[in-house]
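Only one structure is covered here, and it is reproduced in the block below.
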Amino acid sequence: MRTLPEPFAAWFAGRGWTPRPHQLALLRAAEAGESALLIAPTGGGKTLAGFLPSLIDLARAPRAGLHTLYVSPLKALAVDIARNLTAPVEDLSLPIRIETRTGDTPQNRRARQKEDPPHLLLTTPESLELLLSQPAATEFFAGLSAVVVDEIHALAGTKRGDQLALGLSRLGTLAPAARRVGLSATVAHPEPLRAFLSPTGQAADVRLVQVRGGAAPKLTVQLPEGHLPWGGHMGLASAPEIYRKIREARVTIVFVNTRAQAELVFQALWKLNDDALAIALHHGSLTVEQRRKVEAAMALGKLRAVVATASLDLGIDWGDVDQVIQVGAPKGVARLLQRVGRANHRMDEPSRAVLVPANRFEVIECAAALEAVRHEELDGDPPRPGGLDVLAQHVLAMACHAPFDPDALYAEVTRAAPYAGLTRRDFDDVVRFVEDGGYALRVYERFRKLFRDSEGLVHVRDQRVARQLRMNLGTIVETPMVKVRLRGGPLLGEVEEWFVSTLLPGDGFMFAGQALRFEALDGMSAIVSRGGTRGELRVPAYAGSRMPLTTWLAARVREILHDPKKWRLLPDPVRDWLRLQQKRSMLPEQDGLLIETFPRGGRWFLVAYCFEGRLAHQTLGMLVTRRMERLGYGPMGYLATDYVLAAWSAFEPTDVEPLFEEDILGEDLEEWMAESSMLRRTFRNIATIAGLIEKNHPGQEKSGRQMTMNSDLIYDVLRKHEPDHILLRATRQEAAGGLTDVARIGLLLARAKGRIRHQVLDRVSPLAVPALIEEGREWVAGGAEDALLAEAAALVEEATDGDEVFSGILAEVTEGVRANPGRVVDKPRQRDRKQRFNRFIRSAPKSVSGA
Amino acid sequence: MTPAPLHVAGERLMLDPAGLLAWPARRTLVVGDLHLEKGSHFARGGRFVPPYDTRETLQRLHLALRRWRPARVILLGDSFHDAGGAGRLAAEDAALLRRMLDGVELLWVLGNHDPVAPAGLPGTALEEVQDGPLTFRHEARRGPVKPAEISGHFHPKATMPTRCGGVTRPCFVADAWRVMLPAFGAYTGGLDAGDPAIAGLFPRGARLFLLGQDRLYSMPTGPARGLRVTAAGSA
């Protein structure tokens with residue numbers, strides 16, 4: 001096929017377009033009834049390529065009923081595509097009706113869609129799963145000809161992707177003839193995406209259409225004119241430069257890495273906005289209406305800039321964007337290129353983008369990313385097995401649709417690539433879990449949700465179960481957030497609930513660019529006031545929005561750091577920073593392991609510059625803290641970045657060599673890891689998705705202490721009484737994806753043997769600063785807490801002389817110690833007020849198991 | 001396990017780090033909110049949380065019983081998570097309960113979660129228990145108590161400031177007239193002792209005993225000033 005059939009050829013010509021080769025290639029695949037994956041840079045007319053075969057088919061042979069299903073990760077994208085497809089359909093008067101169906105679709109429209117389906121239905125993975133759980137799904141999808149999955153690279157490898165893969169597999173049963181089309185941005189590994197899309201789970205069954213090239217993007221790095229910050233990820237020091245760039249361009253997207261950063265950059269820009277440029281804000285914590293307003297204004301060309309998080313990563317076509325500014329490190333090359341691609345949707349012109357590093361390490365990261373882009377090297381994670389928690393949801397949804405035969409469902413599920421390796425044992429255990437919890441102690445049989453009839457078909461118990469499922473369907477577990485409100489003043493933003501739970505009244509923290517003092521928790525808001533704190537200010541971290549640097553990019557950073565000849569890639573302040581590190585401590589050597597220890601904030605820090613990537617450091621953190629516990633250093637937590645492992649403890653780690661000896665691998669690790677915050681967090685997500693505990697609905701006030709059950713308590717009880725339960729197996733399987741195997745750590749330790757350089761410092765070193773304010777801390781559950789309690793209780797005893805006069809003396813003494821070790825400062829103020837913030841209990845399980 | 005002595009109304013009571021209270025002079029062990037069969041309560045609502053909470057709680061109680069060898073056990077109410085809880089008790093768990101309490105006088109104080117006597121189990125159910133100077137009831141009574149009161153209900157916990165930040169644990173709350181016990185059940189959360197609901201019962205301040213691995217950690221609280229003023233409370 002050299003060109004398009006009429007009237008499409010004429011319509012293209014009328015717009016001055018010629019069909020692109022990949023658009024024709026997809027058409028050929030469709031004619032042959034084959035599934036196809038299209039990989040193309042943004043601006044390649046990808047979406048139209050995906051829909052053209054369906055439009056042509058419907059123009060040629062008009063018919064009623066659902067013809068093509070389109071699935072995208074974003075509701076907004078579905079809405080946007082619907083708008084864009086309207087043009088050819090109306091211009092050509094095609095007999096085609098296009099509708100969307102998402103969580104925002106009103107009930108009456110949903111009902112009507114069921115009665116009279118549109119030809120093209122645009123939806124999300126969650127809404128698809130909901131449709132599939134309906135008894136009417138069989139008729140609804142029977143005539144389906146095509147499924148288009150957009151932004152497939154953003155879905156594969158996630159839990160939403162797992163859910164979609166299962167949904168596609170079910171569609172394969174309901175409509176075996178339907179071909180599949182996947183649309184993806186440029187990725188490092190297309191094979192897993194082909195398999196993901198494939199009706200058989202085999203990559204070979206999907207035709208690959210790859211568009212190469214496009215003009216290379218023009219990337220520059222912009223530093224602030226003044227001081228280049230040591231740490232922080234906000235990039236606010238560069239606000240004047242960002243503002244200037246916005247003024248010089250027509251339309252700019254300012255990409256940032258976190259929601260908090262979006263708020264702060266937005267505020268900083270408006271402070272400078274003397275020209276009153278239309279600058280808007282777009283991130284996931286804003287209400288749908290607010291986001292829609294911004295998107296609409298953007299589409300109409302009314303905005304000069306929008307500050308956005310990943311909420312705008314995906315392919316909404318803004319048309320006129322001519323500049324992208326990435327504030328903060330890009331974290332991954334593939335991700336950077338996708339963001340850069342948001343500027344200029346024409347493939348043959350280069351995209352312009354500016355990288356604005358927020359601190360000195362990020363300057364090195366940006367330099368590394370630029371090199372990688374120049375060499376066209378992409379990064380990406382290998383595929384991981386599908387989550388068993390998602391499967392549990394799916395099994396129940398399928399039972400709600402119609403009674404199923406377990407053998408048939410198992411066969412169907414294993415046709416989805418993420419579940420190709422699913423064992424029958426795991427499948428059966430998941431079904432049993434859905435049925436009655438699947439516990440060895442079979443006491444819930446009378447409450448079971450599924451039952452088997454005489455022919456072995458599995459039915460759902462009643463409509464109540466189906467309702468409960470439909471209300472809780474979905475795989476996104478939001479991190480609970482707390483609003484930050486100035487006393488008697490405005491809302492400043494949101495921080496994660498766990499962060500607030502670690503604050504005592506009077507503690508200071510940095511937020512919204514100012515020093516705030518935490519006063520109290522009032523409902524779901526943290527009430528704060530300005531200034532007046534003592535001791536160190538803390539910086540709220542957002543574990544939920546953590547974006548790990550790809551291991552691959554870390555290697556490039558290490559190369560630059562080790563080789564002073566490469567420092568010419570770096571600006572002066574960064575070189576000065578590295579020289580300062582040489583003076584205060586030392587630079588990590590090519591073949592040695594630098595370890596620094598220093599006191600800070602009442603605890604001792606140990607920073608090891610391993611440069612092995614976050615996953616390896618994550619595992620190493622567990623091993624090293626285990627040994628620290630044995631040696632009585634009282635480890636309290638650790639943080640794995642891509643460059644370093646930082647651990648902190650109650651007592652000074654004087655002898656560090658034993659912490660990195662190879663025999664730390666031999667210790668009884670299983671138990672230690674099971675106690676870790678990482679596994680607890682993983683379990684909480686799994687328990688939520690599997691339907692064990694209530695979802696946290698963001699923004700909704702918690703119903704107090706009564707009805708929410710702490711997942712940590714459940715975890716502890718289950719681990720003790722049924723350690724091999726399917727949910728614990730699922731937890732271990734998922735956590736393993738966040739860890740590196742122990743063998744690799746063994747190599748690292750062997751290399752470090754005899755080459756450890758221990759620097760005992762009196763304060764944090766220049767190179768350690770960025771790591772210490774990094775996000776994603778892990779707590780360890782050792783004896784440190786009890787040691788600290790004993791210390792604090794002894795202090796009180798000493799200060800009050802056993803006096804039973806109840807006063808605030810304890811707070812004075814311990815807060816003084818805490819703010820500044822070695823020096824007791826004068827009393828900050830009486831601790832008073834209700835302390836209801838403490839109901840966000842982090843360490844409940846330890847205390848309970850210790851009892 | 002090192003218990004801490006506490007003198008209330010002339011009686012010497014022992015606070016056990018496992019979260020229960022012993023009265024050696026009367027060979028009595030007092031235990032707060034067990035919330036037995038909370039797991040099956042959730043399961044009834046379609047959430048199949050692990051059904052081992054009752055066994056876990058009973059096993060912990062069993063250890064304490066062996067430690068103290070009491071002649072009498074007073075359960076301070078909310079012993080079952082709901083009124084039907086006793087009926088859902090697994091046969092093994094019911095047997096364990098009977099076995100470990102064999103020969104022990106068992107008093108079930110009734111709570112808001114379990115307002116009726118547990119059917120089919122040994123022991124006596126009462127609204128409250130009076131013995132010497134001590135009154136045992138589920139929920140502390142507002143206003144002065146004479147001479148002294150032992151209660152549960154609120155699941156108190158507290159955060160002790162240390163040089164490395166706060167450490168949160170379940171705790172006893174006590175002054176010269178009242179002792180409030182932490183919840184004992186495996187699936188029980190907690191309410192901060194600074195919450196007005198608890199602090200209001202201790203208008204002159206209280207001493208908190210946080211549960212540790214082997215011992216208790218004590219700290220005083222100030223008078224409940226936050227209750228009086230709301231606007232200027234932090235000045």
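Convention: chains lettered A, B, ... in structure tokens order; per-chain residue numbering from 1; ligands numbered from 1 as shown.
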Query raised in the report: Among region 135-222 of chain B, which residues carry a DSSP assignment of helix (DSSP H, G or I), reported as a PyMOL selection string?
Result: chain B and resi 196-199
Report task. Please identify all polymer residues within 10 Å of Gly185 (chain B), counting only C-alpha atoms, omitting same-chain residues fewer than 5 positions from it, and present them as a PyMOL selection string. Result -> (chain A and resi 848) or (chain B and resi 19+31-38+53-54+56-58+60-61+78-81+155)
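With CA of Leu201 (chain B) on one side and CA of Arg178 (chain B) on the other, the separation reads 8.7 Å.
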Can you list, as an mmCIF file with all heavy atoms, in the first residue's frame, every protein, DNA or RNA residue that comes within 8 Å of region 10-21 of chain A when you count only C-alpha atoms, leaving out same-chain residues fewer than 5 positions away?
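The resulting file, part_0.cif, is shown below:
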data_model
loop_
_atom_site.group_PDB
_atom_site.id
_atom_site.type_symbol
_atom_site.label_atom_id
_atom_site.label_comp_id
_atom_site.auth_asym_id
_atom_site.auth_seq_id
_atom_site.Cartn_x
_atom_site.Cartn_y
_atom_site.Cartn_z
ATOM 1 N N THR A 3 -0.352 4.463 -0.629
ATOM 2 C CA THR A 3 -1.035 5.653 -0.124
ATOM 3 C C THR A 3 -2.350 5.281 0.535
ATOM 4 O O THR A 3 -2.689 4.114 0.651
ATOM 5 C CB THR A 3 -1.238 6.669 -1.270
ATOM 6 O OG1 THR A 3 -1.784 7.865 -0.714
ATOM 7 C CG2 THR A 3 -2.208 6.113 -2.314
ATOM 8 N N LEU A 4 -3.078 6.285 0.970
ATOM 9 C CA LEU A 4 -4.327 6.043 1.682
ATOM 10 C C LEU A 4 -5.483 5.928 0.719
ATOM 11 O O LEU A 4 -5.463 6.516 -0.365
ATOM 12 C CB LEU A 4 -4.594 7.216 2.628
ATOM 13 C CG LEU A 4 -3.570 7.469 3.729
ATOM 14 C CD1 LEU A 4 -3.884 8.778 4.430
ATOM 15 C CD2 LEU A 4 -3.581 6.320 4.714
ATOM 16 N N PRO A 88 -11.073 14.924 11.682
ATOM 17 C CA PRO A 88 -11.285 14.143 10.455
ATOM 18 C C PRO A 88 -12.694 13.572 10.355
ATOM 19 O O PRO A 88 -13.262 13.529 9.259
ATOM 20 C CB PRO A 88 -10.241 13.020 10.559
ATOM 21 C CG PRO A 88 -9.784 13.005 11.969
ATOM 22 C CD PRO A 88 -9.983 14.384 12.487
ATOM 23 N N LEU A 92 -14.959 14.662 7.188
ATOM 24 C CA LEU A 92 -15.289 13.652 6.184
ATOM 25 C C LEU A 92 -16.701 13.108 6.371
ATOM 26 O O LEU A 92 -17.106 12.186 5.672
ATOM 27 C CB LEU A 92 -14.289 12.498 6.275
ATOM 28 C CG LEU A 92 -12.828 12.885 5.980
ATOM 29 C CD1 LEU A 92 -11.902 11.720 6.248
ATOM 30 C CD2 LEU A 92 -12.691 13.346 4.533
#
List as CSV every residue of region 22-66 of chain B that is in contact with region 4-7 of chain B, defined as an atom at most 12 Å from one of its atoms (using only C-alpha atoms), together with the nearest atom pair and the distance in Å rounded to one decimal, sorted by chain and then rising number.
residue,atom,partner,partner_atom,distance
B:Ala22,CA,B:Pro5,CA,9.4
B:Trp23,CA,B:Pro5,CA,9.8
B:Pro24,CA,B:Pro5,CA,10.5
Report task. Any chance you could list, as a ChimeraX atom specification, the residues in region 84-134 of chain B that come up strand (DSSP E) when DSSP is run on the backbone? Result -> /B:105-109,124-126,128-131,134
Create the file for the chosen residues now, containing C-alpha atoms and written as a short mmCIF file (atom, residue, chain, number, x, y, z; two decimals), in the first residue's frame.
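Generated file (result.cif):
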data_model
loop_
_atom_site.label_atom_id
_atom_site.label_comp_id
_atom_site.auth_asym_id
_atom_site.auth_seq_id
_atom_site.Cartn_x
_atom_site.Cartn_y
_atom_site.Cartn_z
CA GLU B 105 -11.37 -16.29 88.74
CA LEU B 106 -12.23 -14.41 85.58
CA LEU B 107 -14.09 -11.08 85.60
CA TRP B 108 -15.27 -9.56 82.32
CA VAL B 109 -15.85 -5.85 82.72
CA THR B 124 -18.50 -13.33 85.42
CA ALA B 125 -19.53 -10.25 83.45
CA LEU B 126 -19.94 -6.97 85.30
CA GLU B 128 -17.49 -2.55 87.00
CA VAL B 129 -15.47 -4.22 89.73
CA GLN B 130 -14.96 -2.72 93.16
CA ASP B 131 -12.20 -4.06 95.37
CA LEU B 134 -9.86 0.41 93.59
#
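With distances taken over only C-alpha atoms, B:Pro17 is the one residue among B:Gly85, B:Gly152, B:Pro17, B:Pro3 lying closest to chain A.
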Report task. May I ask for the distance between CA of Glu657 (chain A) and CA of Arg360 (chain A), given in Å to one decimal place? Result -> 29.4 Å
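A straight line drawn from CA of Val251 (chain A) to CA of Glu151 (chain A) is 23.5 Å long.
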